[in-house]
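The next block is upload_15.txt, given as compact mmCIF, C-alpha atoms.
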```
# COMPACT_ATOMS: atom_id res chain seq x y z
CA MET Z 1 0.00 0.00 0.00
CA THR Z 2 1.22 3.51 -0.82
CA GLU Z 3 1.00 5.55 2.39
CA ASP Z 4 0.64 9.05 0.93
CA ARG Z 5 -2.62 10.56 2.12
CA PHE Z 6 -4.57 13.37 0.54
CA ASP Z 7 -8.19 14.36 0.10
CA CYS Z 8 -10.17 13.71 -3.04
CA GLN Z 9 -13.30 15.42 -4.28
CA LEU Z 10 -15.73 13.38 -6.37
CA VAL Z 11 -17.67 15.57 -8.78
CA SER Z 12 -21.08 14.30 -9.89
CA TRP Z 13 -22.46 14.72 -13.40
CA GLU Z 14 -24.95 17.25 -12.05
CA GLU Z 15 -22.23 19.30 -10.38
CA ALA Z 16 -20.01 19.11 -13.45
CA TYR Z 17 -22.81 20.45 -15.62
CA ARG Z 18 -23.42 23.30 -13.19
CA LEU Z 19 -19.72 24.20 -13.37
CA GLU Z 20 -19.76 24.02 -17.18
CA LEU Z 21 -22.75 26.35 -17.35
CA GLU Z 22 -21.00 28.75 -14.98
CA LEU Z 23 -17.86 28.73 -17.11
CA ALA Z 24 -19.84 29.35 -20.29
CA ALA Z 25 -21.75 32.21 -18.63
CA ARG Z 26 -18.51 33.89 -17.55
CA ILE Z 27 -17.04 33.63 -21.04
CA LYS Z 28 -20.22 34.90 -22.63
CA SER Z 29 -20.57 37.86 -20.26
CA SER Z 30 -16.98 38.89 -20.95
CA GLY Z 31 -17.84 39.46 -24.58
CA TYR Z 32 -15.08 37.15 -25.87
CA ARG Z 33 -16.12 35.50 -29.12
CA PRO Z 34 -13.63 32.86 -30.24
CA ASP Z 35 -13.21 31.70 -33.80
CA LEU Z 36 -12.19 28.27 -32.54
CA VAL Z 37 -12.57 26.36 -29.28
CA ILE Z 38 -9.83 23.87 -28.42
CA ALA Z 39 -10.40 21.18 -25.82
CA ILE Z 40 -7.37 19.84 -23.98
CA GLY Z 41 -7.78 16.07 -24.01
CA ARG Z 42 -8.89 14.21 -22.24
CA GLY Z 43 -10.27 16.20 -19.33
CA GLY Z 44 -11.44 19.14 -21.41
CA PHE Z 45 -13.57 17.19 -23.90
CA VAL Z 46 -16.89 17.32 -22.04
CA PRO Z 47 -16.53 20.86 -20.63
CA ALA Z 48 -15.55 22.23 -24.05
CA ARG Z 49 -18.56 20.63 -25.71
CA VAL Z 50 -20.97 22.09 -23.15
CA VAL Z 51 -19.33 25.52 -23.38
CA CYS Z 52 -19.71 25.42 -27.18
CA ASP Z 53 -23.36 24.48 -26.78
CA ARG Z 54 -24.05 27.44 -24.49
CA LEU Z 55 -22.11 29.83 -26.72
CA LEU Z 56 -23.89 28.47 -29.82
CA HIS Z 57 -20.43 27.82 -31.23
CA THR Z 58 -19.77 24.99 -33.68
CA GLN Z 59 -16.02 25.23 -34.29
CA LEU Z 60 -14.52 22.77 -31.80
CA THR Z 61 -11.35 20.73 -32.01
CA SER Z 62 -8.80 19.31 -29.57
CA ILE Z 63 -5.22 18.62 -28.64
CA ARG Z 64 -3.98 15.90 -26.29
CA ILE Z 65 -1.50 16.85 -23.57
CA GLU Z 66 -0.42 14.36 -20.92
CA ARG Z 67 0.77 15.59 -17.53
CA TRP Z 68 -1.05 13.35 -15.06
CA GLY Z 69 -1.73 9.65 -14.96
CA VAL Z 70 -4.63 8.31 -12.93
CA ALA Z 71 -5.03 8.64 -9.15
CA ALA Z 72 -2.76 11.71 -8.91
CA HIS Z 73 0.29 10.08 -10.49
CA LYS Z 74 2.38 12.91 -11.92
CA LEU Z 75 4.26 12.24 -15.16
CA GLU Z 76 7.77 13.56 -15.66
CA ARG Z 77 6.69 16.44 -17.89
CA ALA Z 78 3.76 17.71 -19.90
CA THR Z 79 3.87 16.16 -23.37
CA ILE Z 80 1.82 17.03 -26.44
CA ARG Z 81 0.64 13.60 -27.53
CA PHE Z 82 -1.73 14.62 -30.35
CA PRO Z 83 -1.10 18.07 -31.89
CA LEU Z 84 -3.65 20.39 -33.44
CA SER Z 85 -4.94 19.29 -36.83
CA VAL Z 86 -5.78 22.77 -38.17
CA GLY Z 87 -4.05 26.11 -38.51
CA ILE Z 88 -5.02 28.93 -36.14
CA SER Z 89 -3.13 31.87 -37.65
CA ASN Z 90 -4.90 35.19 -36.92
CA MET Z 91 -7.70 33.40 -35.04
CA ARG Z 92 -9.21 34.14 -31.64
CA VAL Z 93 -8.88 30.90 -29.71
CA LEU Z 94 -10.52 29.60 -26.54
CA VAL Z 95 -8.77 26.72 -24.77
CA VAL Z 96 -10.85 24.64 -22.34
CA ASP Z 97 -9.73 22.09 -19.75
CA ASP Z 98 -11.26 20.65 -16.60
CA VAL Z 99 -8.71 21.82 -14.02
CA THR Z 100 -5.45 23.68 -13.46
CA ASP Z 101 -3.31 21.87 -10.89
CA THR Z 102 0.38 22.60 -11.35
CA GLY Z 103 -0.37 24.67 -14.44
CA ASP Z 104 2.06 22.61 -16.52
CA THR Z 105 -0.59 21.35 -18.94
CA LEU Z 106 -1.97 24.80 -19.63
CA SER Z 107 1.53 26.25 -19.92
CA ALA Z 108 2.52 23.61 -22.48
CA ALA Z 109 -0.69 24.23 -24.41
CA LEU Z 110 -0.16 27.98 -24.51
CA GLU Z 111 3.48 27.69 -25.59
CA TYR Z 112 2.51 25.32 -28.38
CA LEU Z 113 -0.52 27.29 -29.57
CA TRP Z 114 1.17 30.71 -29.49
CA SER Z 115 3.82 29.26 -31.83
CA MET Z 116 1.03 28.88 -34.40
CA GLU Z 117 0.47 32.67 -34.44
CA PRO Z 118 -3.16 33.11 -33.43
CA ASP Z 119 -4.52 36.60 -32.91
CA ASP Z 120 -5.50 35.88 -29.30
CA ILE Z 121 -5.84 32.99 -26.83
CA LYS Z 122 -8.11 32.83 -23.80
CA THR Z 123 -8.27 29.89 -21.39
CA GLY Z 124 -11.07 28.48 -19.26
CA VAL Z 125 -11.32 25.69 -16.68
CA LEU Z 126 -13.90 24.37 -14.25
CA HIS Z 127 -11.58 24.35 -11.22
CA HIS Z 128 -8.55 26.58 -10.78
CA LYS Z 129 -6.26 25.46 -7.97
CA LEU Z 130 -4.14 28.15 -6.38
CA SER Z 131 -1.24 25.68 -6.60
CA SER Z 132 -1.17 26.36 -10.36
CA ARG Z 133 1.60 28.55 -11.75
CA VAL Z 134 -0.69 29.62 -14.59
CA ASP Z 135 -3.92 31.54 -14.09
CA PRO Z 136 -6.71 30.87 -16.60
CA ASP Z 137 -8.71 33.74 -18.00
CA TYR Z 138 -11.95 32.12 -16.86
CA CYS Z 139 -12.80 29.58 -14.18
CA SER Z 140 -15.96 28.32 -12.52
CA GLU Z 141 -14.46 27.85 -9.06
CA ILE Z 142 -11.19 28.61 -7.28
CA VAL Z 143 -9.76 25.80 -5.14
CA LYS Z 144 -7.81 27.29 -2.23
CA ARG Z 145 -7.04 24.07 -0.34
CA TRP Z 146 -5.40 21.51 -2.62
CA ARG Z 147 -7.23 18.27 -3.24
CA TRP Z 148 -7.38 15.78 -6.08
CA ILE Z 149 -10.54 16.25 -8.11
CA VAL Z 150 -12.23 13.28 -9.78
CA TYR Z 151 -14.61 14.17 -12.58
CA PRO Z 152 -17.45 11.84 -13.62
CA TRP Z 153 -15.98 11.24 -17.09
CA ALA Z 154 -12.88 9.75 -15.43
CA PHE Z 155 -14.44 8.14 -12.33
CA HIS Z 156 -13.94 4.46 -13.17
CA GLU Z 157 -10.36 4.89 -14.36
CA GLU Z 158 -9.46 7.03 -11.35
CA MET Z 159 -11.01 4.56 -8.90
CA LEU Z 160 -8.98 1.77 -10.47
CA GLY Z 161 -5.86 3.82 -9.81
CA PHE Z 162 -6.81 4.47 -6.20
CA VAL Z 163 -7.63 0.82 -5.60
CA GLU Z 164 -4.10 0.02 -6.81
CA ARG Z 165 -2.81 2.47 -4.22
CA VAL Z 166 -4.53 0.79 -1.28
CA LEU Z 167 -3.86 -2.80 -2.31
CA SER Z 168 -0.71 -4.55 -1.13
CA GLY Z 169 0.57 -8.09 -0.74
CA ASN Z 170 -1.81 -8.61 2.17
CA PRO Z 171 -5.27 -9.79 1.07
CA LEU Z 172 -8.16 -7.35 1.57
CA GLY Z 173 -11.88 -7.93 1.31
CA MET Z 174 -14.15 -5.51 -0.52
CA GLU Z 175 -15.30 -3.79 2.65
CA GLU Z 176 -11.70 -3.37 3.82
CA ILE Z 177 -10.83 -1.76 0.50
CA ARG Z 178 -13.79 0.62 0.82
CA LEU Z 179 -12.71 1.59 4.33
CA ARG Z 180 -9.12 2.26 3.23
CA LEU Z 181 -10.25 4.42 0.33
CA LYS Z 182 -12.38 6.42 2.75
CA ARG Z 183 -9.71 6.72 5.44
CA VAL Z 184 -6.73 7.51 3.23
CA TYR Z 185 -8.31 9.56 0.42
CA GLY Z 186 -11.78 10.49 1.65
CA ILE Z 187 -13.32 8.50 -1.20
CA ASP Z 188 -16.78 7.14 -0.48
CA ILE Z 189 -17.43 4.59 -3.22
CA SER Z 190 -20.53 2.42 -3.45
CA GLU Z 191 -20.26 -1.36 -3.35
CA PRO Z 192 -21.56 -1.77 -6.95
CA ASP Z 193 -19.04 0.78 -8.26
CA LEU Z 194 -16.21 -0.84 -6.34
CA SER Z 195 -17.26 -4.26 -7.60
CA ASP Z 196 -16.99 -2.99 -11.20
CA VAL Z 197 -13.57 -1.48 -10.48
CA LEU Z 198 -12.27 -4.68 -8.90
CA GLU Z 199 -13.54 -6.70 -11.84
CA ASP Z 200 -11.45 -4.55 -14.19
CA ALA Z 201 -8.50 -4.67 -11.79
CA LEU Z 202 -8.53 -8.44 -12.22
CA LEU Z 203 -9.08 -8.28 -16.00
CA THR Z 204 -6.19 -5.84 -16.50
CA GLY Z 205 -3.83 -7.73 -14.24
CA LYS Z 206 -3.65 -4.97 -11.64
CA ALA Z 207 -4.96 -7.24 -8.88
CA GLU Z 208 -5.36 -10.89 -8.04
CA LEU Z 209 -8.09 -12.59 -6.06
CA THR Z 210 -6.98 -15.17 -3.54
CA GLY Z 211 -9.07 -17.21 -1.15
CA GLU Z 212 -8.59 -14.47 1.44
CA GLY Z 213 -9.18 -11.38 -0.66
CA TYR Z 214 -7.66 -9.02 -3.23
CA VAL Z 215 -3.91 -8.39 -3.52
CA ARG Z 216 -1.91 -6.12 -5.78
CA ALA Z 217 -0.55 -8.10 -8.71
CA GLU Z 218 2.39 -5.94 -9.71
CA PRO Z 219 4.80 -3.50 -8.00
CA PHE Z 220 3.55 0.05 -7.52
```
Conversion result in structure tokens:
Amino acid sequence: MTEDRFDCQLVSWEEAYRLELELAARIKSSGYRPDLVIAIGRGGFVPARVVCDRLLHTQLTSIRIERWGVAAHKLERATIRFPLSVGISNMRVLVVDDVTDTGDTLSAALEYLWSMEPDDIKTGVLHHKLSSRVDPDYCSEIVKRWRWIVYPWAFHEEMLGFVERVLSGNPLGMEEIRLRLKRVYGIDISEPDLSDVLEDALLTGKAELTGEGYVRAEPF
């Protein structure tokens, strides 16, 4: 078991939609009218689509930048995995992501996009953590006390990562796993959701089921 402890916030679909509407309203009230909206994949896909809907904007594309793995695993550096497929010279651009944490993802996106000579770039996120070194132009909420935020479009994948964190070589039953997730990360997961996660943990070789319970199948 990995002993690092930190709080997590689980965002429901209803709450996510409220945040997306708030972000869209702030952009709209500012008077900014982008020529193109760019979602940062993968976290920005859903927020960007809802923002476009509220702005009655049809020009949406994406780039893929990787900075974080699942369950708060930080990668060595932000990497542009899938670049932009269109030119943005002389365009007004709006970049949308779900969250700013370190700010590395947004910084990498801005450096890359400015090199393509747009007229202007604005950025918007649902949650802006004060730990970020980059401030977005628009955000739905400011997060003063750091916590890991789990959005509904990444819930299953994130829970698989957190289950890996609490498993060890000592067998644990389902209820013990639920209690550890709650105690260590503040995650309150239902039994049906945890059952689905454990099923995939077995299928992907992340865990093994012994006669006494679940164990981690590979080194963390």
*asked:* For a test of reading the model, state the distance in Å between CA of Lys122 (chain Z) and CA of Trp146 (chain Z), rounded to one decimal.
replied: 24.2 Å
*When you draw a straight line from CA of Ile88 (chain Z) to CA of Pro47 (chain Z), how long is it in Å?*
20.9 Å
*Within 7 Å of region 32-42 of chain Z, counting only C-alpha atoms, which residues show up once you throw out same-chain ones fewer than 6 positions away? Write them as a ChimeraX atom specification, please.*
/Z:48,59-65,91-97
Residue selection dump (C-alpha atoms) as a compact mmCIF listing (two decimals), keeping the file's coordinate frame:
```txt
# COMPACT_ATOMS: atom_id res chain seq x y z
CA ALA Z 48 -15.55 22.23 -24.05
CA GLN Z 59 -16.02 25.23 -34.29
CA LEU Z 60 -14.52 22.77 -31.80
CA THR Z 61 -11.35 20.73 -32.01
CA SER Z 62 -8.80 19.31 -29.57
CA ILE Z 63 -5.22 18.62 -28.64
CA ARG Z 64 -3.98 15.90 -26.29
CA ILE Z 65 -1.50 16.85 -23.57
CA MET Z 91 -7.70 33.40 -35.04
CA ARG Z 92 -9.21 34.14 -31.64
CA VAL Z 93 -8.88 30.90 -29.71
CA LEU Z 94 -10.52 29.60 -26.54
CA VAL Z 95 -8.77 26.72 -24.77
CA VAL Z 96 -10.85 24.64 -22.34
CA ASP Z 97 -9.73 22.09 -19.75
```
*So how far away is CA of Tyr214 (chain Z) from CA of Leu167 (chain Z), in Å?*
7.3 Å
*asked:* Under the rule that only C-alpha atoms are counted, which of Z:Met159, Z:Gly173, Z:Pro152, Z:Arg216 is the nearest residue to Ile189 (chain Z)?
replied: Z:Met159
*Could you pull the residues within 10 Å of region 101-104 of chain Z, counting all atoms listed in the file, minus those fewer than 3 positions along the same chain, as a count of residues only?*
28
